[in-house]
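Undergrad: Input structure: start06.csv, which contains CSV, C-alpha atoms (C1' of nucleotides).
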```csv
chain,number,residue,atom,x,y,z
A,1,MET,CA,-43.6,39.3,-285.8
A,2,ARG,CA,-46.6,37.4,-287.1
A,3,ARG,CA,-47.0,35.9,-283.7
A,4,SER,CA,-46.8,39.4,-282.1
A,5,VAL,CA,-49.7,40.4,-284.3
A,6,PHE,CA,-51.6,37.4,-283.1
A,7,GLU,CA,-50.8,37.9,-279.5
A,8,ARG,CA,-51.8,41.5,-279.8
A,9,LEU,CA,-55.2,40.2,-280.9
A,10,MET,CA,-55.5,38.2,-277.6
A,11,ASP,CA,-56.3,41.5,-275.9
A,12,GLY,CA,-59.6,41.4,-277.7
A,13,PRO,CA,-60.9,42.3,-281.2
A,14,GLN,CA,-59.1,45.3,-282.7
A,15,PRO,CA,-58.9,47.3,-285.9
A,16,VAL,CA,-55.8,47.1,-288.0
A,17,GLY,CA,-54.5,50.6,-287.1
A,18,ARG,CA,-54.8,49.9,-283.4
A,19,ILE,CA,-52.7,46.7,-283.8
A,20,ALA,CA,-50.1,48.5,-285.8
A,21,LEU,CA,-49.6,51.0,-283.0
A,22,GLY,CA,-47.2,49.6,-280.6
A,23,LEU,CA,-45.6,47.3,-283.2
A,24,PRO,CA,-42.3,48.3,-284.8
A,25,VAL,CA,-43.6,47.8,-288.3
A,26,SER,CA,-45.8,49.7,-290.7
A,27,ARG,CA,-49.6,49.3,-291.0
A,28,PRO,CA,-49.5,47.5,-294.4
A,29,ALA,CA,-47.1,45.0,-292.9
A,30,VAL,CA,-49.6,44.2,-290.2
A,31,SER,CA,-52.3,44.0,-292.8
A,32,GLN,CA,-50.3,41.4,-294.7
A,33,HIS,CA,-49.8,39.3,-291.6
A,34,LEU,CA,-53.5,39.5,-290.9
A,35,LYS,CA,-54.1,38.2,-294.4
A,36,VAL,CA,-51.9,35.2,-293.8
A,37,LEU,CA,-53.5,34.5,-290.4
A,38,LYS,CA,-56.9,34.8,-292.0
A,39,GLU,CA,-56.0,32.3,-294.7
A,40,ALA,CA,-54.7,30.0,-292.1
A,41,GLY,CA,-58.1,30.2,-290.4
A,42,LEU,CA,-56.7,31.6,-287.2
A,43,VAL,CA,-58.5,34.9,-287.3
A,44,THR,CA,-61.8,36.4,-288.7
A,45,ASP,CA,-62.5,39.9,-289.7
A,46,ARG,CA,-65.6,42.0,-290.0
A,47,ALA,CA,-66.1,45.5,-291.5
A,48,GLU,CA,-67.1,48.1,-289.0
A,49,GLY,CA,-67.6,51.5,-290.6
A,50,THR,CA,-64.4,52.3,-292.4
A,51,ARG,CA,-62.4,50.1,-290.0
A,52,ARG,CA,-61.8,46.4,-290.3
A,53,VAL,CA,-61.9,44.6,-287.0
A,54,TYR,CA,-60.0,41.4,-286.6
A,55,CYS,CA,-60.7,38.7,-284.1
A,56,ILE,CA,-59.2,35.4,-283.1
A,57,ASP,CA,-61.0,32.4,-284.5
A,58,PRO,CA,-61.5,29.7,-281.8
A,59,HIS,CA,-62.1,27.1,-284.5
A,60,GLY,CA,-58.8,27.5,-286.1
A,61,LEU,CA,-57.1,27.6,-282.7
A,62,ALA,CA,-58.8,24.3,-281.8
A,63,ALA,CA,-57.6,22.8,-285.0
A,64,VAL,CA,-54.0,23.7,-284.3
A,65,ARG,CA,-54.5,22.4,-280.8
A,66,ARG,CA,-55.5,19.0,-282.1
A,67,TYR,CA,-52.7,18.8,-284.5
A,68,LEU,CA,-50.1,19.6,-281.8
A,69,ASP,CA,-51.7,17.2,-279.3
A,70,GLN,CA,-51.3,14.4,-281.8
A,71,PHE,CA,-47.7,15.4,-282.5
A,72,TRP,CA,-46.9,15.3,-278.8
A,73,THR,CA,-48.6,12.0,-278.4
A,74,GLU,CA,-46.6,10.5,-281.2
A,75,ALA,CA,-43.4,12.0,-280.0
A,76,LEU,CA,-43.7,10.9,-276.4
A,77,ASP,CA,-44.9,7.4,-277.4
A,78,ALA,CA,-41.9,7.1,-279.6
A,79,PHE,CA,-39.6,8.2,-276.9
A,80,VAL,CA,-41.1,5.9,-274.3
A,81,ALA,CA,-40.8,3.0,-276.7
A,82,GLU,CA,-37.2,3.9,-277.1
A,83,VAL,CA,-36.5,4.0,-273.5
A,84,GLU,CA,-38.3,0.7,-272.9
A,85,LYS,CA,-36.1,-0.8,-275.5
A,86,ASP,CA,-33.1,0.1,-273.4
A,87,ASP,CA,-34.7,-1.5,-270.4
A,88,LYS,CA,-34.8,-5.0,-272.0
A,89,GLY,CA,-33.4,-7.0,-269.1
A,90,GLY,CA,-33.3,-3.8,-267.1
A,91,SER,CA,-31.7,-3.1,-263.7
A,92,PRO,CA,-34.1,-3.9,-260.9
A,93,LYS,CA,-32.1,-2.3,-258.0
B,1,MET,CA,-37.8,19.5,-293.8
B,2,ARG,CA,-36.3,20.2,-290.4
B,3,ARG,CA,-39.4,18.5,-288.9
B,4,SER,CA,-38.9,15.5,-291.1
B,5,VAL,CA,-35.4,15.1,-289.8
B,6,PHE,CA,-36.8,15.3,-286.3
B,7,GLU,CA,-39.6,12.9,-287.0
B,8,ARG,CA,-37.1,10.5,-288.5
B,9,LEU,CA,-35.3,10.6,-285.2
B,10,MET,CA,-38.5,9.4,-283.5
B,11,ASP,CA,-37.7,6.0,-284.8
B,12,GLY,CA,-34.8,5.8,-282.4
B,13,PRO,CA,-31.3,7.2,-282.2
B,14,GLN,CA,-29.6,7.2,-285.6
B,15,PRO,CA,-26.4,8.3,-287.3
B,16,VAL,CA,-26.5,11.2,-289.8
B,17,GLY,CA,-26.1,9.1,-292.9
B,18,ARG,CA,-29.0,6.8,-291.9
B,19,ILE,CA,-31.2,9.8,-291.5
B,20,ALA,CA,-30.2,11.3,-294.8
B,21,LEU,CA,-31.2,8.1,-296.5
B,22,GLY,CA,-34.9,8.3,-297.3
B,23,LEU,CA,-34.9,12.0,-297.2
B,24,PRO,CA,-34.8,14.0,-300.5
B,25,VAL,CA,-31.9,16.1,-299.5
B,26,SER,CA,-28.1,15.7,-299.2
B,27,ARG,CA,-26.3,14.5,-296.1
B,28,PRO,CA,-24.8,18.0,-295.4
B,29,ALA,CA,-28.2,19.5,-295.4
B,30,VAL,CA,-29.3,17.0,-292.7
B,31,SER,CA,-26.2,17.8,-290.8
B,32,GLN,CA,-27.1,21.4,-290.8
B,33,HIS,CA,-30.6,20.8,-289.6
B,34,LEU,CA,-29.2,18.6,-286.8
B,35,LYS,CA,-27.0,21.5,-285.8
B,36,VAL,CA,-29.9,23.8,-285.4
B,37,LEU,CA,-32.0,21.2,-283.5
B,38,LYS,CA,-29.0,20.6,-281.2
B,39,GLU,CA,-28.7,24.3,-280.5
B,40,ALA,CA,-32.4,24.4,-279.8
B,41,GLY,CA,-31.8,21.7,-277.3
B,42,LEU,CA,-34.2,19.3,-279.0
B,43,VAL,CA,-31.6,16.6,-279.8
B,44,THR,CA,-28.3,15.3,-278.3
B,45,ASP,CA,-25.4,13.7,-280.1
B,46,ARG,CA,-22.7,11.3,-279.2
B,47,ALA,CA,-19.7,10.1,-281.1
B,48,GLU,CA,-19.7,6.4,-281.8
B,49,GLY,CA,-16.7,5.3,-283.8
B,50,THR,CA,-16.6,7.4,-286.9
B,51,ARG,CA,-20.3,7.9,-286.8
B,52,ARG,CA,-22.2,10.5,-284.9
B,53,VAL,CA,-25.4,9.2,-283.4
B,54,TYR,CA,-28.2,11.7,-282.8
B,55,CYS,CA,-31.0,11.3,-280.3
B,56,ILE,CA,-34.1,13.2,-279.2
B,57,ASP,CA,-33.6,15.2,-276.0
B,58,PRO,CA,-36.6,14.7,-273.7
B,59,HIS,CA,-35.7,17.8,-271.7
B,60,GLY,CA,-35.9,20.1,-274.7
B,61,LEU,CA,-39.1,18.4,-275.7
B,62,ALA,CA,-40.6,19.0,-272.3
B,63,ALA,CA,-39.5,22.6,-272.5
B,64,VAL,CA,-41.4,23.2,-275.7
B,65,ARG,CA,-44.3,21.4,-274.2
B,66,ARG,CA,-44.4,23.8,-271.3
B,67,TYR,CA,-44.1,26.8,-273.6
B,68,LEU,CA,-47.0,25.7,-275.8
B,69,ASP,CA,-49.2,24.8,-272.8
B,70,GLN,CA,-48.7,28.2,-271.4
B,71,PHE,CA,-49.5,29.7,-274.8
B,72,TRP,CA,-52.7,27.8,-275.1
B,73,THR,CA,-53.7,28.7,-271.6
B,74,GLU,CA,-53.2,32.4,-272.3
B,75,ALA,CA,-54.9,32.2,-275.6
B,76,LEU,CA,-58.0,30.4,-274.3
B,77,ASP,CA,-58.2,32.5,-271.2
B,78,ALA,CA,-58.1,35.6,-273.3
B,79,PHE,CA,-60.8,34.3,-275.6
B,80,VAL,CA,-63.0,33.2,-272.7
B,81,ALA,CA,-62.6,36.7,-271.1
B,82,GLU,CA,-63.6,38.2,-274.4
B,83,VAL,CA,-66.7,36.0,-274.7
B,84,GLU,CA,-67.8,36.8,-271.2
B,85,LYS,CA,-67.4,40.5,-271.9
B,86,ASP,CA,-70.1,40.1,-274.5
B,87,ASP,CA,-72.3,38.4,-272.0
B,88,LYS,CA,-72.5,41.4,-269.8
B,89,GLY,CA,-76.2,41.4,-268.9
B,90,GLY,CA,-76.4,38.2,-271.0
B,91,SER,CA,-79.3,36.2,-272.3
B,92,PRO,CA,-80.5,33.6,-269.8
B,93,LYS,CA,-82.8,31.9,-272.1
C,1,DA,C1',-69.5,67.4,-302.9
C,2,DC,C1',-65.1,67.8,-300.7
C,3,DT,C1',-62.1,66.3,-297.3
C,4,DT,C1',-60.4,63.1,-293.9
C,5,DA,C1',-59.7,58.6,-291.8
C,6,DC,C1',-58.9,53.8,-292.5
C,7,DC,C1',-57.4,50.0,-295.0
C,8,DG,C1',-56.1,46.5,-298.8
C,9,DT,C1',-52.9,45.6,-302.6
C,10,DA,C1',-49.0,46.2,-305.8
C,11,DA,C1',-44.2,46.9,-306.7
C,12,DG,C1',-39.6,47.0,-305.3
C,13,DC,C1',-35.9,45.7,-302.4
C,14,DA,C1',-33.0,43.8,-298.7
C,15,DA,C1',-32.4,40.0,-295.7
C,16,DT,C1',-32.8,35.3,-294.6
C,17,DG,C1',-33.1,30.3,-295.2
C,18,DG,C1',-32.1,26.1,-297.2
C,19,DC,C1',-29.8,23.4,-300.4
C,20,DT,C1',-25.7,21.8,-303.1
C,21,DT,C1',-20.9,21.0,-304.1
C,22,DA,C1',-16.3,20.9,-302.5
C,23,DC,C1',-13.1,20.2,-299.0
C,24,DC,C1',-11.0,18.6,-294.7
C,25,DA,C1',-10.7,15.9,-290.3
C,26,DA,C1',-11.3,11.6,-287.6
C,27,DC,C1',-11.7,6.9,-287.1
C,28,DA,C1',-11.5,2.2,-288.9
C,29,DT,C1',-9.7,-1.5,-291.7
C,30,DG,C1',-6.4,-4.2,-294.4
D,1,DC,C1',0.6,3.3,-293.5
D,2,DA,C1',-2.6,3.5,-297.2
D,3,DT,C1',-7.5,3.5,-298.1
D,4,DG,C1',-12.3,3.8,-297.3
D,5,DT,C1',-16.1,5.4,-294.5
D,6,DT,C1',-18.5,8.9,-292.0
D,7,DG,C1',-19.6,13.6,-291.0
D,8,DG,C1',-18.9,18.6,-290.0
D,9,DT,C1',-18.0,23.2,-292.2
D,10,DA,C1',-17.3,26.8,-295.9
D,11,DA,C1',-18.7,29.1,-300.0
D,12,DG,C1',-22.0,30.0,-303.4
D,13,DC,C1',-26.6,30.2,-305.3
D,14,DC,C1',-31.6,30.5,-305.7
D,15,DA,C1',-36.1,31.0,-303.7
D,16,DT,C1',-38.7,32.8,-300.3
D,17,DT,C1',-40.0,36.1,-296.8
D,18,DG,C1',-41.0,40.4,-294.9
D,19,DC,C1',-40.8,45.1,-294.9
D,20,DT,C1',-41.5,49.8,-297.1
D,21,DT,C1',-43.5,53.3,-300.0
D,22,DA,C1',-47.0,54.5,-303.2
D,23,DC,C1',-51.6,54.2,-304.7
D,24,DG,C1',-56.6,53.4,-305.0
D,25,DG,C1',-61.1,52.6,-302.8
D,26,DT,C1',-64.8,52.9,-299.4
D,27,DA,C1',-67.0,55.0,-295.4
D,28,DA,C1',-67.7,59.1,-292.3
D,29,DG,C1',-67.9,63.9,-291.3
D,30,DT,C1',-68.7,68.9,-292.6
```
What does the file become when written as structure tokens?
TA:
Amino acid sequence: MRRSVFERLMDGPQPVGRIALGLPVSRPAVSQHLKVLKEAGLVTDRAEGTRRVYCIDPHGLAAVRRYLDQFWTEALDAFVAEVEKDDKGGSPK
Amino acid sequence: MRRSVFERLMDGPQPVGRIALGLPVSRPAVSQHLKVLKEAGLVTDRAEGTRRVYCIDPHGLAAVRRYLDQFWTEALDAFVAEVEKDDKGGSPK
DNA sequence: ACTTACCGTAAGCAATGGCTTACCAACATG
DNA sequence: CATGTTGGTAAGCCATTGCTTACGGTAAGT
């Protein structure tokens, strides 16, 4: 659900109400998800009249990117190391 | 916690008990996490005597990789599109 | 100034998740 | 065949999560 809110935000900056439309939950629920996403640094918000427009934060996105890239690197390195261990005196042919 | 189990598995294939050692939870808890990971296709298991050796599944890992890569692509594309929309009649200098 | 639109927050509640203990099955060892 | 080791599963419990309704507060329109 939280991801749905975020993905919805990929269509461009939007006010809370607009996001809540088309989602199967109440507007306050969306508001709460946005709060979490904001604390996580994944979105930013600005007041615009009586509305509150939310927007994806590229910085936060980049941070997650970095984290995951490292994770993959470690995971694959570990796996490769494991495979090579099996190949000790491997099977040429 | 579940990730801890998985990361522990990066050190190479291991039986359940060995994984549980060094983790602050009981062995059954580890067993349950492994069950989930297995259903998710992230690990495989083989019987080895009375032990059950678990191992990271490279296929599952690759699948997640693909999923995330696509996610990033979409996210970044969306964001770029958004930025360019702001640049309509942009500011060359 | 009154009313309407929009939104964040609080309180309450149901569902889910994750852990533990207890138990049972399979294999190994003597 | 008796015993010990290893591990999956069930039942129960506690904490957390996520949703809803209700309320209050600010901005905009008349």
Undergrad: Compile the residues of chain D that lie within 12 Å of chain B, evaluated using only C-alpha atoms (C1' of nucleotides), and express the compilation as a list in words.
TA: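 Therefore, the residues near the partner are DG4, DT5, DT6, DG7, DG8, DT9 and DA10 of chain D.
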Undergrad: As an exercise, work out the distance from atom C1' of DA14 of chain C to atom C1' of DT17 of chain D in Å and give it to one decimal place.
TA: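 Result for atom C1' of DA14 of chain C versus atom C1' of DT17 of chain D: 10.6 Å, one decimal.
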Undergrad: Would you list the contacts of DA15 of chain C as a ChimeraX atom specification, taking every protein, DNA or RNA residue within 12 Å and counting only C-alpha atoms (C1' of nucleotides), but skipping same-chain residues closer than 4 positions in sequence?
TA: /D:16-19
Undergrad: Do me a favour and pick out the residues of chain C within 10 Å of chain A, using all atoms listed in the file, as a ChimeraX atom specification.
TA: /C:5-9
Undergrad: Set out as a tab-separated table a contact list for chain B and chain A with a cut-off of 7 Å, giving each residue of chain B that qualifies its closest atom pair and distance in Å to one decimal, counting only C-alpha atoms, ordered by chain and rising residue number.
TA:
```
residue	atom	partner	partner_atom	distance
B:Met10	CA	A:Ala78	CA	5.7
B:Asp11	CA	A:Ala78	CA	6.8
B:Gly12	CA	A:Glu82	CA	6.1
B:Ala75	CA	A:Met10	CA	6.4
B:Ala78	CA	A:Met10	CA	5.7
B:Phe79	CA	A:Met10	CA	6.9
B:Glu82	CA	A:Gly12	CA	6.1
```
Undergrad: Some atoms are missing, so please complete segment 34-48 of chain A with N, CA and C atoms and return it as a PDB file, keeping the file's coordinate frame.
TA:
```
ATOM      1  N   LEU A  34     -52.077  39.819-291.180  1.00  0.00           N
ATOM      2  CA  LEU A  34     -53.500  39.500-290.900  1.00  0.00           C
ATOM      3  C   LEU A  34     -54.056  38.650-292.038  1.00  0.00           C
ATOM      4  N   LYS A  35     -53.648  38.987-293.244  1.00  0.00           N
ATOM      5  CA  LYS A  35     -54.100  38.200-294.400  1.00  0.00           C
ATOM      6  C   LYS A  35     -53.724  36.764-294.282  1.00  0.00           C
ATOM      7  N   VAL A  36     -52.441  36.558-293.956  1.00  0.00           N
ATOM      8  CA  VAL A  36     -51.900  35.200-293.800  1.00  0.00           C
ATOM      9  C   VAL A  36     -52.686  34.464-292.687  1.00  0.00           C
ATOM     10  N   LEU A  37     -52.818  35.131-291.559  1.00  0.00           N
ATOM     11  CA  LEU A  37     -53.500  34.500-290.400  1.00  0.00           C
ATOM     12  C   LEU A  37     -54.937  34.168-290.774  1.00  0.00           C
ATOM     13  N   LYS A  38     -55.530  35.016-291.571  1.00  0.00           N
ATOM     14  CA  LYS A  38     -56.900  34.800-292.000  1.00  0.00           C
ATOM     15  C   LYS A  38     -56.997  33.549-292.874  1.00  0.00           C
ATOM     16  N   GLU A  39     -56.068  33.468-293.826  1.00  0.00           N
ATOM     17  CA  GLU A  39     -56.000  32.300-294.700  1.00  0.00           C
ATOM     18  C   GLU A  39     -55.768  31.027-293.968  1.00  0.00           C
ATOM     19  N   ALA A  40     -55.031  31.167-292.875  1.00  0.00           N
ATOM     20  CA  ALA A  40     -54.700  30.000-292.100  1.00  0.00           C
ATOM     21  C   ALA A  40     -55.906  29.645-291.149  1.00  0.00           C
ATOM     22  N   GLY A  41     -56.932  30.480-291.184  1.00  0.00           N
ATOM     23  CA  GLY A  41     -58.100  30.200-290.400  1.00  0.00           C
ATOM     24  C   GLY A  41     -57.929  30.505-288.907  1.00  0.00           C
ATOM     25  N   LEU A  42     -56.961  31.341-288.603  1.00  0.00           N
ATOM     26  CA  LEU A  42     -56.700  31.600-287.200  1.00  0.00           C
ATOM     27  C   LEU A  42     -57.412  32.895-286.715  1.00  0.00           C
ATOM     28  N   VAL A  43     -57.819  33.726-287.673  1.00  0.00           N
ATOM     29  CA  VAL A  43     -58.500  34.900-287.300  1.00  0.00           C
ATOM     30  C   VAL A  43     -59.712  35.168-288.251  1.00  0.00           C
ATOM     31  N   THR A  44     -60.637  35.965-287.801  1.00  0.00           N
ATOM     32  CA  THR A  44     -61.800  36.400-288.700  1.00  0.00           C
ATOM     33  C   THR A  44     -61.771  37.889-288.694  1.00  0.00           C
ATOM     34  N   ASP A  45     -62.457  38.443-289.687  1.00  0.00           N
ATOM     35  CA  ASP A  45     -62.500  39.900-289.700  1.00  0.00           C
ATOM     36  C   ASP A  45     -63.930  40.338-290.158  1.00  0.00           C
ATOM     37  N   ARG A  46     -64.319  41.471-289.625  1.00  0.00           N
ATOM     38  CA  ARG A  46     -65.600  42.000-290.000  1.00  0.00           C
ATOM     39  C   ARG A  46     -65.428  43.525-290.267  1.00  0.00           C
ATOM     40  N   ALA A  47     -66.177  44.039-291.231  1.00  0.00           N
ATOM     41  CA  ALA A  47     -66.100  45.500-291.500  1.00  0.00           C
ATOM     42  C   ALA A  47     -66.942  46.194-290.454  1.00  0.00           C
ATOM     43  N   GLU A  48     -66.443  47.332-290.045  1.00  0.00           N
ATOM     44  CA  GLU A  48     -67.100  48.100-289.000  1.00  0.00           C
ATOM     45  C   GLU A  48     -66.914  49.575-289.361  1.00  0.00           C
TER      46      GLU A  48
END
```
